[in-house]
file my_file_21.txt (compact mmCIF, C-alpha atoms and all ligand atoms)
# COMPACT_ATOMS: atom_id res chain seq x y z
CA ARG A 76 -149.64 -102.60 -6.52
CA PRO A 77 -148.85 -104.76 -9.56
CA PHE A 78 -147.48 -107.85 -7.84
CA SER A 79 -147.92 -109.46 -4.49
CA THR A 80 -145.69 -110.96 -1.84
CA ALA A 81 -148.56 -110.94 0.65
CA SER A 82 -148.71 -114.70 1.09
CA ARG A 83 -145.03 -114.92 2.05
CA GLN A 84 -143.90 -116.04 5.47
CA SER A 85 -140.65 -114.17 4.91
CA LEU A 86 -139.54 -111.26 2.76
CA ARG A 87 -136.22 -111.71 0.93
CA ILE A 88 -134.59 -108.27 0.62
CA GLY A 89 -131.45 -107.81 -1.49
CA LEU A 90 -129.07 -105.22 -0.01
CA ILE A 91 -126.67 -103.46 -2.38
CA PRO A 92 -124.99 -100.64 -0.43
CA ALA A 93 -122.52 -100.07 -3.35
CA ASP A 94 -120.21 -97.07 -2.75
CA GLY A 95 -119.48 -94.25 -0.30
CA ILE A 96 -122.22 -93.40 2.16
CA GLY A 97 -124.39 -96.16 0.67
CA ARG A 98 -122.43 -98.44 3.01
CA GLU A 99 -123.55 -96.40 6.01
CA VAL A 100 -127.17 -95.64 5.17
CA ILE A 101 -128.30 -99.04 3.82
CA PRO A 102 -127.33 -100.86 7.06
CA ALA A 103 -129.35 -98.19 8.92
CA ALA A 104 -132.40 -98.90 6.72
CA LYS A 105 -131.92 -102.62 7.43
CA GLU A 106 -132.10 -101.97 11.20
CA ALA A 107 -135.27 -99.91 10.75
CA ILE A 108 -136.91 -102.73 8.72
CA ILE A 109 -136.00 -105.30 11.39
CA ALA A 110 -137.59 -103.07 14.04
CA LEU A 111 -140.98 -103.39 12.29
CA GLY A 112 -141.37 -106.85 13.78
CA SER A 113 -144.58 -108.61 12.86
CA ASP A 114 -145.93 -105.72 10.76
CA ILE A 115 -144.14 -107.29 7.79
CA PRO A 116 -143.19 -110.89 6.96
CA LYS A 117 -139.94 -111.90 8.64
CA PRO A 118 -137.21 -110.06 6.69
CA GLU A 119 -134.30 -112.11 5.35
CA PHE A 120 -131.45 -110.06 3.93
CA VAL A 121 -129.30 -111.06 0.97
CA ASP A 122 -126.00 -109.14 0.86
CA LEU A 123 -125.01 -108.25 -2.71
CA ILE A 124 -122.23 -106.27 -4.33
CA ALA A 125 -121.99 -103.72 -7.17
CA GLY A 126 -120.37 -100.35 -7.75
CA TRP A 127 -117.12 -98.58 -8.49
CA GLU A 128 -115.28 -100.12 -5.56
CA CYS A 129 -116.53 -103.55 -6.66
CA PHE A 130 -115.16 -102.78 -10.15
CA THR A 131 -111.74 -101.74 -8.85
CA ARG A 132 -111.58 -104.92 -6.77
CA THR A 133 -113.06 -107.48 -9.18
CA GLY A 134 -113.02 -105.85 -12.63
CA VAL A 135 -116.85 -105.98 -12.79
CA ALA A 136 -119.22 -103.21 -11.67
CA LEU A 137 -122.38 -105.32 -11.68
CA PRO A 138 -121.56 -109.00 -11.10
CA GLU A 139 -123.85 -111.55 -12.75
CA GLU A 140 -124.31 -113.15 -9.32
CA THR A 141 -125.91 -109.93 -8.06
CA VAL A 142 -128.41 -109.79 -10.93
CA ASP A 143 -129.13 -113.54 -10.64
CA ALA A 144 -129.73 -113.25 -6.90
CA LEU A 145 -132.10 -110.32 -7.39
CA LYS A 146 -134.03 -112.17 -10.10
CA ASN A 147 -134.16 -115.58 -8.45
CA ASP A 148 -133.68 -115.16 -4.72
CA CYS A 149 -135.15 -111.78 -3.70
CA ASP A 150 -138.63 -110.27 -3.44
CA CYS A 151 -137.33 -106.71 -3.46
CA ALA A 152 -134.11 -104.77 -2.84
CA LEU A 153 -132.48 -101.67 -1.46
CA PHE A 154 -129.67 -99.94 -3.37
CA GLY A 155 -127.40 -97.32 -1.77
CA SER A 156 -125.34 -95.07 -4.00
CA VAL A 157 -122.66 -95.34 -6.62
CA SER A 158 -119.53 -93.31 -7.39
CA SER A 159 -119.04 -93.69 -11.13
CA PRO A 160 -116.02 -91.69 -12.30
CA SER A 161 -116.62 -88.60 -14.45
CA ARG A 162 -114.12 -89.85 -17.04
CA ARG A 163 -114.41 -92.86 -19.35
CA VAL A 164 -112.92 -96.02 -17.85
CA VAL A 165 -112.55 -98.95 -20.22
CA GLY A 166 -114.73 -101.88 -19.12
CA TYR A 167 -116.75 -99.82 -16.61
CA SER A 168 -120.38 -98.85 -16.96
CA SER A 169 -122.70 -97.45 -14.28
CA PRO A 170 -124.16 -100.44 -12.40
CA ILE A 171 -127.30 -98.63 -11.28
CA VAL A 172 -128.17 -97.64 -14.85
CA ALA A 173 -127.55 -101.26 -15.92
CA LEU A 174 -129.52 -102.69 -13.00
CA ARG A 175 -132.61 -100.60 -13.74
CA LYS A 176 -132.56 -101.96 -17.30
CA GLU A 177 -131.71 -105.57 -16.33
CA MET A 178 -134.58 -105.72 -13.84
CA ASP A 179 -136.90 -103.68 -16.11
CA LEU A 180 -137.45 -101.15 -13.33
CA TYR A 181 -138.90 -98.64 -15.74
CA ALA A 182 -140.19 -96.04 -13.26
CA ASN A 183 -138.26 -94.06 -10.69
CA ILE A 184 -140.78 -92.60 -8.27
CA ARG A 185 -139.41 -89.72 -6.19
CA PRO A 186 -141.76 -88.06 -3.68
CA VAL A 187 -140.73 -84.68 -2.26
CA MET A 188 -142.67 -83.41 0.73
CA SER A 189 -142.28 -80.69 3.33
CA VAL A 190 -142.47 -82.13 6.83
CA TYR A 191 -142.97 -78.97 8.87
CA PRO A 192 -146.65 -77.89 8.82
CA SER A 193 -145.41 -74.29 9.06
CA GLN A 194 -143.46 -74.47 5.79
CA LYS A 195 -145.13 -72.18 3.26
CA PRO A 196 -145.74 -72.93 0.53
CA SER A 197 -146.32 -76.52 1.47
CA ILE A 198 -144.62 -78.95 -0.94
CA ASP A 199 -146.10 -82.31 -1.76
CA LEU A 200 -145.12 -83.55 -5.17
CA ILE A 201 -143.88 -86.69 -6.91
CA VAL A 202 -141.36 -86.73 -9.74
CA VAL A 203 -141.94 -89.80 -11.93
CA ARG A 204 -138.75 -90.34 -13.88
CA GLU A 205 -138.57 -92.67 -16.89
CA ASN A 206 -135.78 -95.03 -15.91
CA THR A 207 -134.58 -96.99 -18.94
CA GLU A 208 -133.87 -94.76 -21.91
CA CYS A 209 -133.29 -91.10 -22.98
CA LEU A 210 -129.54 -90.29 -22.96
CA TYR A 211 -129.04 -93.13 -20.45
CA VAL A 212 -128.95 -95.69 -23.27
CA LYS A 213 -125.30 -94.63 -23.19
CA GLN A 214 -124.63 -94.81 -26.91
CA GLU A 215 -121.83 -92.28 -27.17
CA THR A 216 -119.18 -91.94 -29.83
CA GLN A 217 -116.27 -89.63 -30.42
CA GLN A 218 -114.34 -88.95 -33.60
CA GLN A 219 -111.96 -86.48 -35.08
CA GLY A 220 -113.83 -83.73 -36.93
CA GLU A 221 -112.78 -80.76 -39.00
CA HIS A 222 -112.46 -78.54 -35.92
CA GLY A 223 -111.21 -81.04 -33.34
CA ARG A 224 -112.90 -83.93 -31.60
CA GLU A 225 -116.63 -84.42 -31.97
CA ALA A 226 -118.70 -86.35 -29.45
CA ARG A 227 -122.21 -87.62 -30.07
CA ALA A 228 -124.83 -89.29 -27.90
CA THR A 229 -127.99 -91.06 -28.98
CA ARG A 230 -131.15 -90.08 -27.14
CA LEU A 231 -133.75 -92.81 -27.37
CA ILE A 232 -137.42 -92.18 -26.62
CA THR A 233 -139.82 -95.00 -27.47
CA GLU A 234 -143.56 -95.12 -27.54
CA ARG A 235 -143.56 -98.23 -25.30
CA ALA A 236 -141.44 -96.67 -22.54
CA SER A 237 -143.30 -93.36 -22.74
CA ARG A 238 -146.64 -95.16 -22.56
CA ARG A 239 -145.78 -97.24 -19.53
CA ILE A 240 -144.19 -94.38 -17.59
CA GLY A 241 -147.24 -92.34 -18.54
CA GLN A 242 -149.53 -95.05 -17.18
CA MET A 243 -147.55 -95.18 -13.95
CA ALA A 244 -147.79 -91.38 -13.60
CA PHE A 245 -151.54 -91.30 -14.31
CA GLU A 246 -152.09 -94.12 -11.82
CA LEU A 247 -150.23 -92.16 -9.12
CA ALA A 248 -152.02 -88.90 -9.96
CA HIS A 249 -155.41 -90.65 -10.00
CA ALA A 250 -154.78 -91.97 -6.46
CA ARG A 251 -153.87 -88.55 -5.02
CA PRO A 252 -156.30 -85.91 -3.73
CA ARG A 253 -155.35 -83.23 -6.28
CA LYS A 254 -155.30 -85.56 -9.31
CA HIS A 255 -153.01 -83.28 -11.30
CA LEU A 256 -150.29 -84.40 -13.71
CA THR A 257 -147.68 -82.19 -15.36
CA ILE A 258 -145.86 -83.59 -18.41
CA ILE A 259 -142.31 -82.24 -18.57
CA HIS A 260 -140.61 -81.93 -21.96
CA LYS A 261 -138.76 -79.62 -24.30
CA SER A 262 -140.67 -80.38 -27.46
CA ASN A 263 -140.43 -76.81 -28.72
CA VAL A 264 -136.78 -77.70 -29.52
CA LEU A 265 -136.67 -81.50 -29.46
CA SER A 266 -139.91 -81.94 -31.35
CA VAL A 267 -139.17 -85.51 -32.46
CA THR A 268 -137.95 -87.14 -29.22
CA ASP A 269 -139.70 -85.03 -26.59
CA GLY A 270 -142.58 -84.65 -29.04
CA LEU A 271 -143.08 -88.43 -28.97
CA PHE A 272 -142.85 -88.50 -25.15
CA ARG A 273 -145.40 -85.69 -24.78
CA GLU A 274 -147.83 -87.05 -27.32
CA THR A 275 -147.65 -90.62 -25.97
CA VAL A 276 -148.12 -89.63 -22.32
CA ARG A 277 -151.04 -87.37 -23.33
CA GLY A 278 -152.59 -90.33 -25.10
CA VAL A 279 -152.61 -92.64 -22.06
CA PRO A 280 -156.13 -91.70 -20.82
CA LEU A 281 -157.48 -92.52 -24.30
CA LEU A 282 -156.10 -96.07 -24.36
CA PRO A 283 -158.94 -98.63 -24.64
CA GLU A 284 -157.55 -100.72 -21.76
CA VAL A 285 -157.59 -97.67 -19.47
CA ASN A 286 -161.34 -97.48 -19.96
CA GLY A 287 -161.74 -93.87 -18.87
CA LYS A 288 -160.12 -94.48 -15.47
CA TYR A 289 -157.93 -91.38 -15.67
CA ASN A 290 -160.60 -88.95 -16.89
CA ASP A 291 -160.51 -87.33 -13.46
CA VAL A 292 -156.82 -86.40 -13.81
CA GLU A 293 -156.14 -82.83 -14.87
CA ILE A 294 -153.27 -82.70 -17.39
CA ALA A 295 -150.81 -79.83 -17.66
CA GLU A 296 -147.55 -79.43 -19.57
CA GLN A 297 -144.39 -77.50 -18.78
CA LEU A 298 -141.16 -77.01 -20.68
CA VAL A 299 -138.36 -78.39 -18.52
CA ASP A 300 -136.54 -75.08 -18.12
CA SER A 301 -139.63 -73.18 -17.03
CA ALA A 302 -140.57 -76.15 -14.82
CA VAL A 303 -137.35 -75.58 -12.83
CA TYR A 304 -138.21 -71.87 -12.56
CA ARG A 305 -141.76 -72.59 -11.39
CA LEU A 306 -140.50 -75.25 -9.00
CA PHE A 307 -138.58 -72.54 -7.15
CA ARG A 308 -141.16 -69.76 -7.54
CA GLU A 309 -144.41 -71.63 -6.94
CA PRO A 310 -143.74 -75.30 -6.06
CA GLU A 311 -147.28 -75.70 -4.79
CA VAL A 312 -148.60 -75.83 -8.38
CA PHE A 313 -147.08 -79.28 -8.88
CA ASP A 314 -148.63 -82.57 -7.84
CA VAL A 315 -147.28 -85.40 -10.04
CA MET A 316 -144.62 -84.56 -12.64
CA VAL A 317 -143.65 -87.09 -15.31
CA ALA A 318 -140.42 -86.65 -17.23
CA PRO A 319 -137.91 -88.39 -19.50
CA ASN A 320 -134.92 -89.85 -17.66
CA LEU A 321 -132.44 -86.96 -17.56
CA TYR A 322 -134.97 -84.19 -16.87
CA GLY A 323 -136.48 -86.31 -14.08
CA ASP A 324 -133.09 -86.79 -12.46
CA ILE A 325 -132.33 -83.07 -12.47
CA LEU A 326 -135.82 -81.95 -11.41
CA SER A 327 -135.89 -84.25 -8.39
CA ASP A 328 -132.55 -82.98 -7.08
CA ALA A 329 -133.81 -79.41 -7.58
CA ALA A 330 -137.05 -80.21 -5.75
CA ALA A 331 -135.03 -81.68 -2.85
CA ALA A 332 -133.53 -78.25 -2.24
CA LEU A 333 -137.02 -76.99 -1.37
CA VAL A 334 -137.42 -79.29 1.61
CA GLY A 335 -134.06 -78.96 3.28
CA SER A 336 -131.75 -81.70 2.05
CA LEU A 337 -131.19 -84.34 -0.58
CA GLY A 338 -130.56 -86.54 2.44
CA LEU A 339 -134.33 -86.69 2.98
CA ILE A 340 -135.50 -87.75 -0.47
CA PRO A 341 -136.35 -91.40 -1.13
CA SER A 342 -137.18 -93.22 -4.32
CA VAL A 343 -138.27 -96.57 -5.62
CA ASN A 344 -137.27 -98.10 -8.89
CA ALA A 345 -140.46 -99.87 -9.86
CA GLY A 346 -141.30 -102.40 -12.53
CA ASP A 347 -144.18 -104.81 -12.98
CA ASN A 348 -142.37 -107.63 -11.16
CA PHE A 349 -139.83 -106.08 -8.82
CA VAL A 350 -139.23 -103.02 -6.67
CA MET A 351 -135.95 -101.55 -5.46
CA GLY A 352 -135.75 -98.70 -2.95
CA GLU A 353 -132.90 -96.20 -3.42
CA PRO A 354 -132.12 -92.87 -1.76
CA VAL A 355 -131.95 -90.10 -4.37
CA HIS A 356 -128.61 -88.84 -3.01
CA GLY A 357 -125.30 -90.03 -4.38
CA SER A 358 -122.29 -91.58 -2.65
CA ALA A 359 -121.05 -88.28 -1.14
CA PRO A 360 -117.31 -89.08 -1.12
CA ASP A 361 -116.63 -85.89 0.91
CA ILE A 362 -118.36 -87.33 3.99
CA ALA A 363 -118.08 -91.07 3.35
CA GLY A 364 -116.59 -92.95 6.30
CA LYS A 365 -117.19 -90.09 8.76
CA GLY A 366 -120.39 -91.59 10.19
CA ILE A 367 -122.43 -88.43 9.56
CA ALA A 368 -124.46 -89.41 6.48
CA ASN A 369 -128.20 -88.84 6.78
CA PRO A 370 -129.95 -92.25 6.92
CA LEU A 371 -133.47 -90.81 6.57
CA ALA A 372 -133.68 -91.00 2.75
CA SER A 373 -132.77 -94.69 2.89
CA ILE A 374 -135.26 -95.43 5.66
CA ARG A 375 -137.94 -93.61 3.67
CA SER A 376 -136.90 -95.60 0.57
CA ALA A 377 -137.45 -98.79 2.57
CA ALA A 378 -140.91 -97.45 3.46
CA LEU A 379 -141.69 -96.75 -0.20
CA MET A 380 -140.53 -100.25 -1.13
CA LEU A 381 -142.74 -101.83 1.55
CA ARG A 382 -145.70 -99.63 0.57
CA ARG A 383 -145.46 -100.75 -3.05
CA LEU A 384 -145.45 -104.35 -1.89
CA GLY A 385 -148.63 -103.66 0.11
CA TYR A 386 -147.17 -103.54 3.64
CA ILE A 387 -148.91 -100.27 4.42
CA LYS A 388 -148.75 -100.50 8.22
CA GLY A 389 -144.99 -101.09 8.22
CA ALA A 390 -144.45 -98.31 5.67
CA ASP A 391 -146.61 -95.86 7.64
CA ARG A 392 -144.71 -96.63 10.85
CA LEU A 393 -141.34 -95.94 9.19
CA ASP A 394 -142.59 -92.67 7.65
CA LEU A 395 -144.10 -91.46 10.92
CA ALA A 396 -140.94 -92.30 12.87
CA VAL A 397 -138.81 -90.36 10.36
CA ASP A 398 -141.20 -87.38 10.28
CA GLN A 399 -141.12 -87.19 14.08
CA VAL A 400 -137.31 -87.04 14.12
CA ILE A 401 -137.35 -84.21 11.57
CA ARG A 402 -140.11 -82.28 13.34
CA GLU A 403 -138.45 -82.55 16.75
CA GLY A 404 -135.31 -81.16 15.10
CA GLU A 405 -132.95 -82.19 17.88
CA ILE A 406 -131.18 -85.21 16.44
CA LEU A 407 -130.21 -84.35 12.89
CA THR A 408 -127.14 -84.89 10.69
CA PRO A 409 -125.04 -81.92 9.46
CA ASP A 410 -126.84 -81.69 6.07
CA LEU A 411 -129.84 -80.49 8.14
CA HIS A 412 -127.61 -78.22 10.27
CA GLY A 413 -127.49 -80.76 13.09
CA LYS A 414 -124.51 -82.28 14.87
CA SER A 415 -125.68 -85.88 15.19
CA THR A 416 -124.25 -89.01 13.62
CA THR A 417 -125.90 -91.57 11.36
CA GLN A 418 -126.17 -93.95 14.33
CA GLU A 419 -127.73 -91.32 16.59
CA VAL A 420 -130.36 -90.46 13.96
CA LEU A 421 -131.04 -94.16 13.44
CA ALA A 422 -131.42 -94.62 17.21
CA ALA A 423 -133.96 -91.76 17.29
CA VAL A 424 -135.97 -93.40 14.49
CA LEU A 425 -135.86 -96.77 16.26
CA LYS A 426 -137.03 -95.13 19.49
CA ASN A 427 -140.02 -93.62 17.66
CA LEU A 428 -140.85 -97.01 16.15
N1 LIG A 501 -128.58 -93.35 -5.08
C1 LIG A 501 -128.45 -92.50 -6.16
C2 LIG A 501 -127.07 -92.44 -6.71
O1 LIG A 501 -126.24 -93.30 -6.48
N2 LIG A 501 -126.81 -91.37 -7.42
C3 LIG A 501 -125.58 -91.21 -8.09
C4 LIG A 501 -125.71 -91.79 -9.43
O2 LIG A 501 -126.76 -92.16 -9.90
N3 LIG A 501 -124.64 -91.88 -10.08
C5 LIG A 501 -124.59 -92.52 -11.35
C6 LIG A 501 -123.40 -93.39 -11.28
O3 LIG A 501 -122.52 -93.12 -10.45
O4 LIG A 501 -123.33 -94.34 -12.04
call {"tool": "encode", "arguments": {"input": "my_file_21.txt", "output": "structure tokens"}}
result
Amino acid sequence: RPFSTASRQSLRIGLIPADGIGREVIPAAKEAIIALGSDIPKPEFVDLIAGWECFTRTGVALPEETVDALKNDCDCALFGSVSSPSRRVVGYSSPIVALRKEMDLYANIRPVMSVYPSQKPSIDLIVVRENTECLYVKQETQQQGEHGREARATRLITERASRRIGQMAFELAHARPRKHLTIIHKSNVLSVTDGLFRETVRGVPLLPEVNGKYNDVEIAEQLVDSAVYRLFREPEVFDVMVAPNLYGDILSDAAAALVGSLGLIPSVNAGDNFVMGEPVHGSAPDIAGKGIANPLASIRSAALMLRRLGYIKGADRLDLAVDQVIREGEILTPDLHGKSTTQEVLAAVLKNL
């Protein structure tokens, strides 16, 4: 818990629903936070805009006012989902990628857990995704080559970013019962970039400032392709996994398949001075506006955000209320083979609270 809002009378929470189902699930998370009552400081919500729809309306995907408000007027935030187009659009750049960099939210922490005690093997892992570099520096060029067009992308891995994501991952592993960390890379092929990531993360326990704190963490390594294979064959071997940006994104979606739905998986974008909850799922244009999006990942993201800020009781209550809805299995959205709406699932969570 690197920073504290504990002395606050109120908690200023920026809300950025952005696109698609983000506009349905973030308001649900807001209701769940309000229902916590005195277990957290009085929440005050700051409505903010960003996203593809914002771009089509205003010509800007991430307005300066949104970033300013987050930096100067909010203690934390919740982000929904964004629908960036798959083609290049002049003047547009993904606002969530930009926001993570602007706010220096260098770690994306994505826990994946099975809820049913009967699920075998039982899954309880965290993907720790580096959040600021790799191919997401978005330095792409295209030119005419001898055999047609040639496109290139720069992949940036720095010692600084690898060290701090490594420290975050060791800290999380150290705090868990199994104390096991797997470093994900592909340094048999990308020996320079992934080689630097691997070597730097491995070096974290030896840093003088760490002072031996992580000596109890068992370190393993896995090439990213075989990590996906093992994730499906024997997910129970993983505890904390730390990965460069793109691998972390892909691995966490894959891991979500093991526990029923991407609609259950929360995350926080964490830095040293700010935290922003965000469901791992995207904007789901196929179901947007139908009122059937699963709000549980967003409610769990709110719990993760509160937990990182130190509001453990509030976070525990949200997690327990969500787990109970899943275990009872009666009021679930269609992604979990249920027939209920977003509002009905929210009502069930609120009842459990
Ligand atoms: N909440 C996660 C999310 O929005 N995922 C989709 C995503 O990251 N898309 C990248 C983009 O649209 O810019």
call {"tool": "atom_distance", "arguments": {"input": "my_file_21.txt", "atom1": "atom CA of A:Asp314", "atom2": "atom CA of A:Leu200"}}
result
4.5 Å
call {"tool": "residues_near_ligand", "arguments": {"input": "my_file_21.txt", "ligand": "ligand LIG 501 (chain A)", "cutoff": "10 Å", "atoms": "only C-alpha atoms and all ligand atoms", "output": "PyMOL selection string"}}
result
chain A and resi 92-97+126-127+136+153-161+167-173+324+341-342+352-359+372-373
call {"tool": "closest_residue", "arguments": {"input": "my_file_21.txt", "among": "A:Glu311, A:Asp391, A:Glu99, A:Asp179", "to": "A:Gly346", "atoms": "all atoms listed in the file"}}
result
A:Asp179
call {"tool": "closest_residue", "arguments": {"input": "my_file_21.txt", "among": "A:Ile115, A:Leu411, A:Leu384, A:Ala368", "to": "A:Arg98", "atoms": "only C-alpha atoms"}}
result
A:Ala368
call {"tool": "closest_residue", "arguments": {"input": "my_file_21.txt", "among": "A:Lys365, A:Ser266, A:Leu381, A:Tyr211", "to": "A:Gln418", "atoms": "all atoms listed in the file"}}
result
A:Lys365
